[in-house]
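Undergrad: Structure: coords_4.pdb, PDB, C-alpha atoms.
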```pdb
ATOM      1  CA  MET E  36       0.000   0.000   0.000  1.00  0.00           C
ATOM      2  CA  LYS E  37       2.837   2.371   0.897  1.00  0.00           C
ATOM      3  CA  ASN E  38       4.534   1.666  -2.463  1.00  0.00           C
ATOM      4  CA  ILE E  39       1.336   2.348  -4.402  1.00  0.00           C
ATOM      5  CA  PHE E  40       0.924   5.702  -2.638  1.00  0.00           C
ATOM      6  CA  LEU E  41       4.554   6.600  -3.388  1.00  0.00           C
ATOM      7  CA  PHE E  42       4.135   5.587  -7.038  1.00  0.00           C
ATOM      8  CA  LEU E  43       0.978   7.696  -7.446  1.00  0.00           C
ATOM      9  CA  THR E  44       2.637  10.656  -5.734  1.00  0.00           C
ATOM     10  CA  LEU E  45       5.626  10.472  -8.074  1.00  0.00           C
ATOM     11  CA  ILE E  46       3.414  10.231 -11.167  1.00  0.00           C
ATOM     12  CA  THR E  47       1.417  13.256 -10.025  1.00  0.00           C
ATOM     13  CA  LEU E  48       4.557  15.232  -9.197  1.00  0.00           C
ATOM     14  CA  PHE E  49       6.294  14.605 -12.509  1.00  0.00           C
ATOM     15  CA  SER E  50       3.194  15.182 -14.601  1.00  0.00           C
ATOM     16  CA  CYS E  51       2.863  18.697 -13.204  1.00  0.00           C
ATOM     17  CA  ASP E  52       3.540  21.291 -15.898  1.00  0.00           C
ATOM     18  CA  THR E  53       5.565  23.556 -13.601  1.00  0.00           C
ATOM     19  CA  ILE E  54       8.153  20.769 -13.242  1.00  0.00           C
ATOM     20  CA  LYS E  55      10.123  19.485 -16.206  1.00  0.00           C
ATOM     21  CA  LYS E  56      13.206  17.420 -16.943  1.00  0.00           C
ATOM     22  CA  THR E  57      14.974  19.870 -19.185  1.00  0.00           C
ATOM     23  CA  SER E  58      17.618  19.593 -21.854  1.00  0.00           C
ATOM     24  CA  ASN E  59      19.371  22.695 -20.576  1.00  0.00           C
ATOM     25  CA  SER E  60      22.622  23.030 -18.691  1.00  0.00           C
ATOM     26  CA  THR E  61      21.086  21.678 -15.479  1.00  0.00           C
ATOM     27  CA  GLY E  62      20.428  18.250 -17.019  1.00  0.00           C
ATOM     28  CA  THR E  63      18.163  17.472 -14.063  1.00  0.00           C
ATOM     29  CA  VAL E  64      14.554  17.895 -13.085  1.00  0.00           C
ATOM     30  CA  PHE E  65      13.741  21.603 -13.215  1.00  0.00           C
ATOM     31  CA  SER E  66      10.909  23.292 -11.363  1.00  0.00           C
ATOM     32  CA  LEU E  67       9.512  26.790 -11.810  1.00  0.00           C
ATOM     33  CA  ASN E  68       8.121  26.622  -8.266  1.00  0.00           C
ATOM     34  CA  GLY E  69       9.259  29.480  -6.063  1.00  0.00           C
ATOM     35  CA  GLU E  70       9.689  33.233  -6.348  1.00  0.00           C
ATOM     36  CA  TRP E  71      11.213  34.833  -9.463  1.00  0.00           C
ATOM     37  CA  GLU E  72      12.525  38.418  -9.735  1.00  0.00           C
ATOM     38  CA  LEU E  73      12.722  40.343 -13.009  1.00  0.00           C
ATOM     39  CA  THR E  74      16.346  41.446 -13.511  1.00  0.00           C
ATOM     40  CA  SER E  75      16.195  42.773 -17.068  1.00  0.00           C
ATOM     41  CA  ASN E  76      13.439  43.734 -19.468  1.00  0.00           C
ATOM     42  CA  SER E  77      13.685  45.063 -23.009  1.00  0.00           C
ATOM     43  CA  ASP E  78      11.438  48.017 -22.072  1.00  0.00           C
ATOM     44  CA  ASN E  79      13.070  48.539 -18.628  1.00  0.00           C
ATOM     45  CA  SER E  80       9.757  48.353 -16.765  1.00  0.00           C
ATOM     46  CA  LEU E  81       9.023  46.205 -13.715  1.00  0.00           C
ATOM     47  CA  ILE E  82      12.728  45.621 -12.905  1.00  0.00           C
ATOM     48  CA  GLY E  83      12.870  44.222  -9.356  1.00  0.00           C
ATOM     49  CA  SER E  84       9.253  42.993  -9.427  1.00  0.00           C
ATOM     50  CA  SER E  85       8.632  39.360  -8.530  1.00  0.00           C
ATOM     51  CA  VAL E  86       6.133  36.590  -9.212  1.00  0.00           C
ATOM     52  CA  GLN E  87       5.333  33.454  -7.205  1.00  0.00           C
ATOM     53  CA  VAL E  88       4.855  30.032  -8.804  1.00  0.00           C
ATOM     54  CA  TYR E  89       3.083  27.403  -6.686  1.00  0.00           C
ATOM     55  CA  PRO E  90       3.139  23.608  -7.186  1.00  0.00           C
ATOM     56  CA  PHE E  91       0.271  22.268  -9.294  1.00  0.00           C
ATOM     57  CA  VAL E  92      -0.962  25.779 -10.163  1.00  0.00           C
ATOM     58  CA  PRO E  93      -0.426  26.745 -13.826  1.00  0.00           C
ATOM     59  CA  ASP E  94      -0.242  30.486 -13.087  1.00  0.00           C
ATOM     60  CA  ALA E  95       2.220  32.936 -11.511  1.00  0.00           C
ATOM     61  CA  LYS E  96       0.908  35.890  -9.520  1.00  0.00           C
ATOM     62  CA  PHE E  97       2.733  39.116  -8.782  1.00  0.00           C
ATOM     63  CA  LYS E  98       4.207  39.087  -5.305  1.00  0.00           C
ATOM     64  CA  ASN E  99       6.021  42.413  -5.440  1.00  0.00           C
ATOM     65  CA  LEU E 100       5.635  45.285  -7.931  1.00  0.00           C
ATOM     66  CA  LEU E 101       8.402  47.818  -8.614  1.00  0.00           C
ATOM     67  CA  ASN E 102       8.962  50.269 -11.486  1.00  0.00           C
ATOM     68  CA  ASN E 103       5.362  49.616 -12.492  1.00  0.00           C
ATOM     69  CA  THR E 104       4.704  51.750 -15.582  1.00  0.00           C
ATOM     70  CA  GLN E 105       2.234  49.187 -16.948  1.00  0.00           C
ATOM     71  CA  CYS E 106      -0.621  49.696 -14.453  1.00  0.00           C
ATOM     72  CA  PHE E 107      -0.445  46.158 -13.035  1.00  0.00           C
ATOM     73  CA  ARG E 108      -2.000  45.334  -9.659  1.00  0.00           C
ATOM     74  CA  GLU E 109      -0.457  43.054  -7.037  1.00  0.00           C
ATOM     75  CA  THR E 110      -3.413  40.712  -7.439  1.00  0.00           C
ATOM     76  CA  ASP E 111      -2.776  40.230 -11.187  1.00  0.00           C
ATOM     77  CA  ILE E 112      -1.689  36.932 -12.665  1.00  0.00           C
ATOM     78  CA  LYS E 113       1.455  37.690 -14.697  1.00  0.00           C
ATOM     79  CA  TRP E 114       1.940  34.257 -16.325  1.00  0.00           C
ATOM     80  CA  LYS E 115      -1.148  32.200 -17.180  1.00  0.00           C
ATOM     81  CA  ASN E 116      -1.443  28.631 -18.430  1.00  0.00           C
ATOM     82  CA  ILE E 117       2.137  27.557 -17.692  1.00  0.00           C
ATOM     83  CA  ALA E 118       2.800  24.392 -19.680  1.00  0.00           C
ATOM     84  CA  THR E 119       5.864  22.412 -20.641  1.00  0.00           C
ATOM     85  CA  ASP E 120       7.088  22.458 -24.230  1.00  0.00           C
ATOM     86  CA  ASN E 121       9.135  19.945 -26.232  1.00  0.00           C
ATOM     87  CA  ASN E 122      12.342  21.985 -26.006  1.00  0.00           C
ATOM     88  CA  GLY E 123      13.029  21.708 -22.281  1.00  0.00           C
ATOM     89  CA  GLY E 124      11.213  24.933 -21.419  1.00  0.00           C
ATOM     90  CA  PHE E 125       7.703  26.217 -20.922  1.00  0.00           C
ATOM     91  CA  THR E 126       5.002  28.183 -22.704  1.00  0.00           C
ATOM     92  CA  ILE E 127       2.916  30.850 -21.001  1.00  0.00           C
ATOM     93  CA  ASN E 128       0.380  33.526 -21.694  1.00  0.00           C
ATOM     94  CA  ASN E 129       2.092  36.708 -20.524  1.00  0.00           C
ATOM     95  CA  LEU E 130       0.065  39.630 -19.113  1.00  0.00           C
ATOM     96  CA  GLN E 131       0.467  42.856 -21.103  1.00  0.00           C
ATOM     97  CA  SER E 132       0.052  46.455 -19.972  1.00  0.00           C
ATOM     98  CA  SER E 133      -3.200  47.090 -18.091  1.00  0.00           C
ATOM     99  CA  CYS E 134      -3.193  50.874 -18.655  1.00  0.00           C
ATOM    100  CA  THR E 135      -5.774  50.838 -21.436  1.00  0.00           C
ATOM    101  CA  GLY E 136      -8.554  49.533 -19.193  1.00  0.00           C
ATOM    102  CA  GLY E 137     -10.943  46.772 -20.098  1.00  0.00           C
ATOM    103  CA  SER E 138     -10.109  43.117 -19.663  1.00  0.00           C
ATOM    104  CA  ALA E 139      -6.576  41.825 -19.202  1.00  0.00           C
ATOM    105  CA  GLN E 140      -4.674  41.006 -22.380  1.00  0.00           C
ATOM    106  CA  TYR E 141      -2.423  37.949 -22.449  1.00  0.00           C
ATOM    107  CA  LEU E 142      -0.059  37.072 -25.294  1.00  0.00           C
ATOM    108  CA  PRO E 143       1.877  33.819 -25.847  1.00  0.00           C
ATOM    109  CA  ALA E 144       5.522  33.703 -24.776  1.00  0.00           C
ATOM    110  CA  ALA E 145       8.240  31.106 -24.232  1.00  0.00           C
ATOM    111  CA  ILE E 146      10.250  30.459 -21.083  1.00  0.00           C
ATOM    112  CA  ILE E 147      13.791  29.276 -21.806  1.00  0.00           C
ATOM    113  CA  VAL E 148      15.617  27.694 -18.875  1.00  0.00           C
ATOM    114  CA  VAL E 149      19.159  29.088 -18.655  1.00  0.00           C
ATOM    115  CA  ASN E 150      20.096  27.295 -15.441  1.00  0.00           C
ATOM    116  CA  THR E 151      18.506  26.259 -12.157  1.00  0.00           C
ATOM    117  CA  ASN E 152      18.103  29.861 -11.026  1.00  0.00           C
ATOM    118  CA  GLU E 153      17.655  31.838 -14.254  1.00  0.00           C
ATOM    119  CA  ILE E 154      15.062  31.887 -17.023  1.00  0.00           C
ATOM    120  CA  LYS E 155      14.483  34.058 -20.082  1.00  0.00           C
ATOM    121  CA  ILE E 156      11.087  34.964 -21.500  1.00  0.00           C
ATOM    122  CA  ASN E 157      10.691  35.807 -25.168  1.00  0.00           C
ATOM    123  CA  GLY E 158       7.446  37.000 -26.686  1.00  0.00           C
ATOM    124  CA  ARG E 159       5.660  40.105 -27.972  1.00  0.00           C
ATOM    125  CA  ASN E 160       3.971  43.028 -26.294  1.00  0.00           C
ATOM    126  CA  GLY E 161       0.539  44.447 -27.076  1.00  0.00           C
ATOM    127  CA  THR E 162       1.893  46.549 -29.968  1.00  0.00           C
ATOM    128  CA  GLY E 163       3.617  43.561 -31.597  1.00  0.00           C
ATOM    129  CA  GLU E 164       7.176  44.437 -30.567  1.00  0.00           C
ATOM    130  CA  ASN E 165       9.510  41.671 -29.382  1.00  0.00           C
ATOM    131  CA  ILE E 166      10.116  41.508 -25.648  1.00  0.00           C
ATOM    132  CA  SER E 167      12.931  39.804 -23.821  1.00  0.00           C
ATOM    133  CA  GLN E 168      13.034  39.390 -20.047  1.00  0.00           C
ATOM    134  CA  THR E 169      15.480  37.755 -17.653  1.00  0.00           C
ATOM    135  CA  TRP E 170      14.200  36.422 -14.331  1.00  0.00           C
ATOM    136  CA  LYS E 171      16.272  35.025 -11.460  1.00  0.00           C
ATOM    137  CA  ARG E 172      15.029  32.710  -8.752  1.00  0.00           C
ATOM    138  CA  ILE E 173      15.172  34.410  -5.372  1.00  0.00           C
ATOM    139  CA  SER E 174      13.490  31.692  -3.354  1.00  0.00           C
ATOM    140  CA  THR E 175      12.319  28.112  -3.696  1.00  0.00           C
ATOM    141  CA  ALA E 176      10.120  28.527  -0.643  1.00  0.00           C
ATOM    142  CA  ILE E 177       6.377  28.485  -1.130  1.00  0.00           C
ATOM    143  CA  THR E 178       5.067  31.616   0.599  1.00  0.00           C
ATOM    144  CA  GLN E 179       1.818  33.551   0.488  1.00  0.00           C
TER     145      GLN E 179
END
```
Kindly present the structure from the file in structure tokens form.

TA:
Amino acid sequence: MKNIFLFLTLITLFSCDTIKKTSNSTGTVFSLNGEWELTSNSDNSLIGSSVQVYPFVPDAKFKNLLNNTQCFRETDIKWKNIATDNNGGFTINNLQSSCTGGSAQYLPAAIIVVNTNEIKINGRNGTGENISQTWKRISTAITQ
């Protein structure tokens, strides 16, 4: 019985889309779980802001907002529908500027795993321009 429970737990854990065995430099199981801080952004906004990724939740919510020229709120979901891709990374729907009012606009983007504690996000903004962001892991702890 104990072995069956362990087996089911492992299957559930490794089927979670926020965890992935990647083909990057880590060569090990990689997890997005934890807190990530934006260290560079092609438009220089939000530098120092952070998002929190929780196990088994396919979204990342803002935890801390700095340099916020895009009218985001701390309750906003920054990355929606986190899913693994076939290249050792992830796909997301990335929240765009909320300054225009109306409903939130999300656009597809790719997360590329650089190493255990750094990821890059490539996508487009609401005006169709390419965006490039670098995020570093600042904590693996799951906090509220």

Undergrad: Give the answer as one residue: which of E:Ile82, E:Ala95, E:Ala144, E:Ala139 has the shortest atom-to-atom distance to Glu70 in chain E, using only C-alpha atoms?

TA: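 Of the candidates, the smallest distance to Glu70 in chain E is held by E:Ala95.
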
Undergrad: Could you give me, as a PyMOL selection string, the residues that sit within 12 Å of (14.4, 45.6, -19.7) in the file's coordinates, counting only C-alpha atoms?

TA: chain E and resi 73-84+102+155-157+165-170

Undergrad: My list of candidates is E:Val149, E:Tyr89, E:Glu72, E:Asn121. Which is closest to Leu101 in chain E when distances are computed with all atoms listed in the file?

TA: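 Nearest to Leu101 in chain E: E:Glu72.
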
Undergrad: Any chance you could resolve the PyMOL selection byres ((chain E and resi 124-126) around 6) against this file and give the residues as a list in words?

TA: Ile117, Ala118, Thr119, Asp120, Asn122, Gly123, Ile127, Ala144, Ala145, Ile146, Ile147 and Val148 of chain E

Undergrad: Residues within 8 Å of (18.4, 35.5, -5.4), file coordinates, counting only C-alpha atoms: what are they? Give the list as a list in words.

TA: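 Applying the cut-off with only C-alpha atoms, one gets Glu72, Asn152, Lys171, Arg172, Ile173 and Ser174 of chain E.
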
Undergrad: To one decimal place, how far is CA of Arg108 in chain E from CA of Ser138 in chain E in Å?

TA: 13.1 Å

Undergrad: For range 100-111 of chain E, take all atoms listed in the file, fit an axis-aligned box around them, add 4 Å to each of the six sides, then output centre and edge lengths in Å rounded to one decimal, as JSON.

TA:
```
{"center_x": 2.8, "center_y": 46.0, "center_z": -12.0, "size_x": 20.4, "size_y": 19.5, "size_z": 17.9}
```

Undergrad: To one decimal place in Å, what is the distance between CA of Asn68 in chain E and CA of Thr175 in chain E?

TA: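 These atoms are spaced 6.4 Å apart.
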
Undergrad: Have a look at CA of Trp71 in chain E and CA of Pro93 in chain E and let me know their distance in Å, one decimal.

TA: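 One can read the CA of Trp71 in chain E to CA of Pro93 in chain E distance as 14.8 Å.
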